[in-house]
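This report refers to the structure that appears directly beneath it.
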Amino acid sequence: MADTKTNKEHNIDDSKYAMETRIIYGKDVSDKWDYSHHVTAPISSSTTFRLDSVERGAQGFKQFAHSSESEGEAPIFIYDRLGEPNKDMLEENLAYVEKGDMAVTFSSGMGAISAALGIFLGAGDEIITHNTLYGCTISLFNNWYPKYNIRVNPVDLTSIENIYPVLNDRTKVIYFETPANPNLDIIDIAGLRKALDDLNKKRTEANQIQIIIDNTFATPFCQRPIELGADFVVHSLTKGIGGFGTDIGGVVIGKNKYRDLLLLYRKDFGAVLNTKSAWSILTYGLPSLALREKQQIKSAMSIAEFLENHPKISYVNYPGLKSYKYHELARKQMIDFNGDFAPGSMIYFSLKGGTPSECKENGRRFMDYVADHAYTMTLAVSLGHTRTLIEHPASMTHSVVPPEKLEERGIDPGGVRLAIGLERTEDLLMDLDEALKAI
Ligand SMILES: *Cc1c(COP(=O)(O)O)cnc(C)c1O
């Protein structure tokens, strides 16, 4: 890279620039790959790499997952499952925007979640989680962890005191989402950090309780949990960060000392992000995140206010609404790159109705009407896309929760989840208004 003009060589101080600008450049010229004459990084699609000599090959294997020994050296790429340039560059940029030391990508959000937990948990260990979570995360905990003799204790983490009755020497991790899926409960990250600091003081280094937060709903544009005291952030890159609904991916972001373990886990369990998806997220998703989130928040705010005042709606959960019970806490922790309140792109609401089954029926009728008639809203799971998506958690994303357990897990049988896209706000309001009139 003799004649390469890197930021480092130019000694450009990027801290002068807003993150909205920096997110477009990321590391710009990366020492992970010499593509200095490309403006956009090329796609690497080689599963294996020429090693030139056995000695260099041996060096590559020695360096893999030994970051302390290979620091500052250009990576020796061996085989895609161990590492390759597109993923490595995406990882540098994701760590950068989430304010973590390092990032390791995975083939999906679930791949990232299993790995972040997997490096800490073994038979006999326990975790504490919030009572509601992404449906497949609940499924991982219900269907698989019992086989490994890992105990999961779901509690209402909106009151931190609820950890104490289930906390014990075997507790290794506290895991949650904030805002939580689907009801948008908000959990006090800094408050939990403080409570854990006191507990961790009495534990050995190897036995520290880790805070792992799924930040998918907020995206790093709206919230950076590591700054607030989380040990790890996980994301489904499939959602707001990917942004276009074209690629599945996941990431774990956190402290450098866990990077090697995560790389080993990824190598051996095999949930590797494919290079083309890494490239799409690096090229389209991340650089456009701030622009997309701003438009989505603007629409979400107007829609939440519209729904809140609508006679057919019983309640609206949206962190931006003053009436929302976690509004004050959200104002403290959901802050964009420029310091402004950023309440996100997700809304959860319920239609008026009598009994739980009548509520569920009303929600179902409303969504079926939308599925048939609304141009700007699509009945589909997922979120953070260009198109606004609407779904019914009780019968779709959270169908893993039995009907009699819905309430205990914080899920309203009639609740509707709305994931705002990039359409013009007025068009979304028009379609919602029409659907509410029609039912
Ligand atoms: C989608 C999602 C996941 C899982 O991500 P995949 O990429 O689909 O595996 C995890 N957590 C949340 C909050 C999600 O929305």
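For the structure tokens, the naming scheme is as follows: chains receive sequential letters (A, B, ...) according to their order of presentation, residues are indexed from 1 within each chain, and ligands are indexed from 1 in presentation order.
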
task = Please identify the residues whose atoms come within 8 Å of ligand 1, using only C-alpha atoms and all ligand atoms, and report them as a VMD selection string.
result = chain A and resid 107 to 113 133 to 134 136 to 137 177 180 to 181 214 to 217 235 to 239 248 to 250 382 to 383

request  = Write out as a PyMOL selection string all residues of segment 49-219 of chain A that DSSP puts in strand (DSSP E or B) for this structure's backbone.
outcome  = chain A and resi 79+102-106+126-130+151-155+171-177+210-214

key: Neighbour list for Leu321 of chain A as a list in words, cut-off 8 Å, only C-alpha atoms, skip fewer than 4 positions in-chain   = Met301, Ala304, Glu305, Asn317 and His327 of chain A

May I have the residues from that selection written out with C-alpha atoms, as a CSV table (one decimal), in the first residue's frame?
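Saved as part-v8.csv:
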```csv
chain,number,residue,atom,x,y,z
A,301,MET,CA,-44.2,10.7,15.3
A,304,ALA,CA,-48.4,7.9,16.6
A,305,GLU,CA,-50.1,11.3,17.3
A,317,ASN,CA,-47.0,2.7,22.5
A,327,HIS,CA,-41.3,8.6,27.5
```

inquiry  = If DSSP is run on the backbone, what residues of segment 320-398 of chain A are helix (DSSP H, G or I)? A reply as a VMD selection string would be ideal.
reply    = chain A and resid 327 to 333 356 to 373

Give me the residues near Ile297 of chain A as a tab-separated table (two decimals) with all heavy atoms, in the first residue's frame, where near means some atom within 7 Å (using only C-alpha atoms) and where sequence neighbours in that chain fewer than 2 positions away do not count.
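Okay, out_27.tsv is ready:
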```tsv
chain	number	residue	atom	x	y	z
A	293	GLU	N	-33.53	6.85	8.78
A	293	GLU	CA	-34.11	6.90	10.13
A	293	GLU	C	-34.82	8.23	10.37
A	293	GLU	O	-35.88	8.27	10.97
A	293	GLU	CB	-33.03	6.68	11.20
A	293	GLU	CG	-32.65	5.22	11.39
A	293	GLU	CD	-33.76	4.36	12.02
A	293	GLU	OE1	-34.53	4.87	12.86
A	293	GLU	OE2	-33.85	3.18	11.66
A	294	LYS	N	-34.23	9.31	9.90
A	294	LYS	CA	-34.85	10.63	10.14
A	294	LYS	C	-36.24	10.71	9.52
A	294	LYS	O	-37.18	11.20	10.13
A	294	LYS	CB	-33.97	11.74	9.56
A	294	LYS	CG	-32.85	12.13	10.49
A	294	LYS	CD	-32.25	13.43	10.04
A	294	LYS	CE	-30.77	13.26	9.86
A	294	LYS	NZ	-30.12	14.40	9.28
A	295	GLN	N	-36.37	10.21	8.30
A	295	GLN	CA	-37.68	10.23	7.63
A	295	GLN	C	-38.66	9.30	8.36
A	295	GLN	O	-39.82	9.64	8.56
A	295	GLN	CB	-37.50	9.79	6.16
A	295	GLN	CG	-38.80	9.57	5.40
A	295	GLN	CD	-39.64	10.84	5.25
A	295	GLN	OE1	-39.13	11.96	5.36
A	295	GLN	NE2	-40.93	10.67	5.03
A	299	SER	N	-42.25	10.39	10.23
A	299	SER	CA	-43.55	9.77	9.94
A	299	SER	C	-44.11	9.08	11.18
A	299	SER	O	-45.30	9.20	11.48
A	299	SER	CB	-43.42	8.72	8.83
A	299	SER	OG	-43.22	9.35	7.59
A	300	ALA	N	-43.25	8.34	11.90
A	300	ALA	CA	-43.72	7.59	13.07
A	300	ALA	C	-44.33	8.55	14.10
A	300	ALA	O	-45.38	8.25	14.68
A	300	ALA	CB	-42.57	6.81	13.70
A	301	MET	N	-43.70	9.69	14.29
A	301	MET	CA	-44.21	10.67	15.26
A	301	MET	C	-45.61	11.14	14.85
A	301	MET	O	-46.54	11.15	15.67
A	301	MET	CB	-43.22	11.84	15.32
A	301	MET	CG	-43.39	12.75	16.49
A	301	MET	SD	-43.00	11.92	18.07
A	301	MET	CE	-44.32	12.62	19.06
A	342	ALA	N	-34.53	10.62	19.48
A	342	ALA	CA	-34.77	9.80	18.29
A	342	ALA	C	-35.59	8.57	18.67
A	342	ALA	O	-35.05	7.50	18.95
A	342	ALA	CB	-33.43	9.39	17.67
A	343	PRO	N	-36.92	8.72	18.71
A	343	PRO	CA	-37.75	7.64	19.26
A	343	PRO	C	-38.00	6.45	18.34
A	343	PRO	O	-38.77	5.56	18.70
A	343	PRO	CB	-39.07	8.35	19.61
A	343	PRO	CG	-39.09	9.61	18.82
A	343	PRO	CD	-37.69	9.97	18.46
A	344	GLY	N	-37.37	6.39	17.18
A	344	GLY	CA	-37.41	5.17	16.38
A	344	GLY	C	-38.58	5.08	15.41
A	344	GLY	O	-39.40	6.00	15.30
A	345	SER	N	-38.64	3.94	14.72
A	345	SER	CA	-39.57	3.79	13.60
A	345	SER	C	-40.65	2.76	13.85
A	345	SER	O	-41.37	2.36	12.95
A	345	SER	CB	-38.76	3.38	12.36
A	345	SER	OG	-38.14	2.14	12.58
```

request  = Work out how far apart atom CA of Leu422 of chain A and atom CA of Ala18 of chain A are and give it in Å to one decimal.
outcome  = 22.8 Å

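Between atom CA of Ile187 of chain A and atom CA of Ser323 of chain A lies a distance of 17.0 Å.
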
Determine, counting only C-alpha atoms, which protein, DNA and RNA residues have an atom within 9 Å of an atom of Tyr79 of chain A; residues of the same chain fewer than 6 positions away are not included. Present the result as a tab-separated table (two decimals) with C-alpha atoms, in the first residue's frame.
```
chain	number	residue	atom	x	y	z
A	46	SER	CA	-13.44	-15.72	-3.18
A	47	THR	CA	-14.08	-18.50	-0.69
A	48	THR	CA	-10.40	-19.28	-0.43
A	49	PHE	CA	-7.19	-17.24	-0.68
```

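If you measure from each of A:Glu434, A:Val400, A:Gly354, A:Gly240 to Phe141 of chain A using only C-alpha atoms, the closest one turns out to be A:Val400.
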
key: Lys276 of chain A environment, 12 Å, only C-alpha atoms, sequence neighbours closer than 2 positions dropped, as a list in words   = Ala41, Pro42, Ile43, Ser44, Ser45, Ser46, Thr47, Asp80, Glu84, Pro85, Asn86, Lys87, Leu90, Ser107, Thr246, Asp247, Ile248, Gly249, Val272, Leu273, Asn274, Ala278, Trp279, Ser280, Ile281, Leu282, Thr283 and Tyr284 of chain A

query = Skipping near chain neighbours, those fewer than 5 positions away, what residues fall within 9 Å of Phe120 of chain A using only C-alpha atoms, listed as a PyMOL selection string?
reply = chain A and resi 115+125+172-173+210
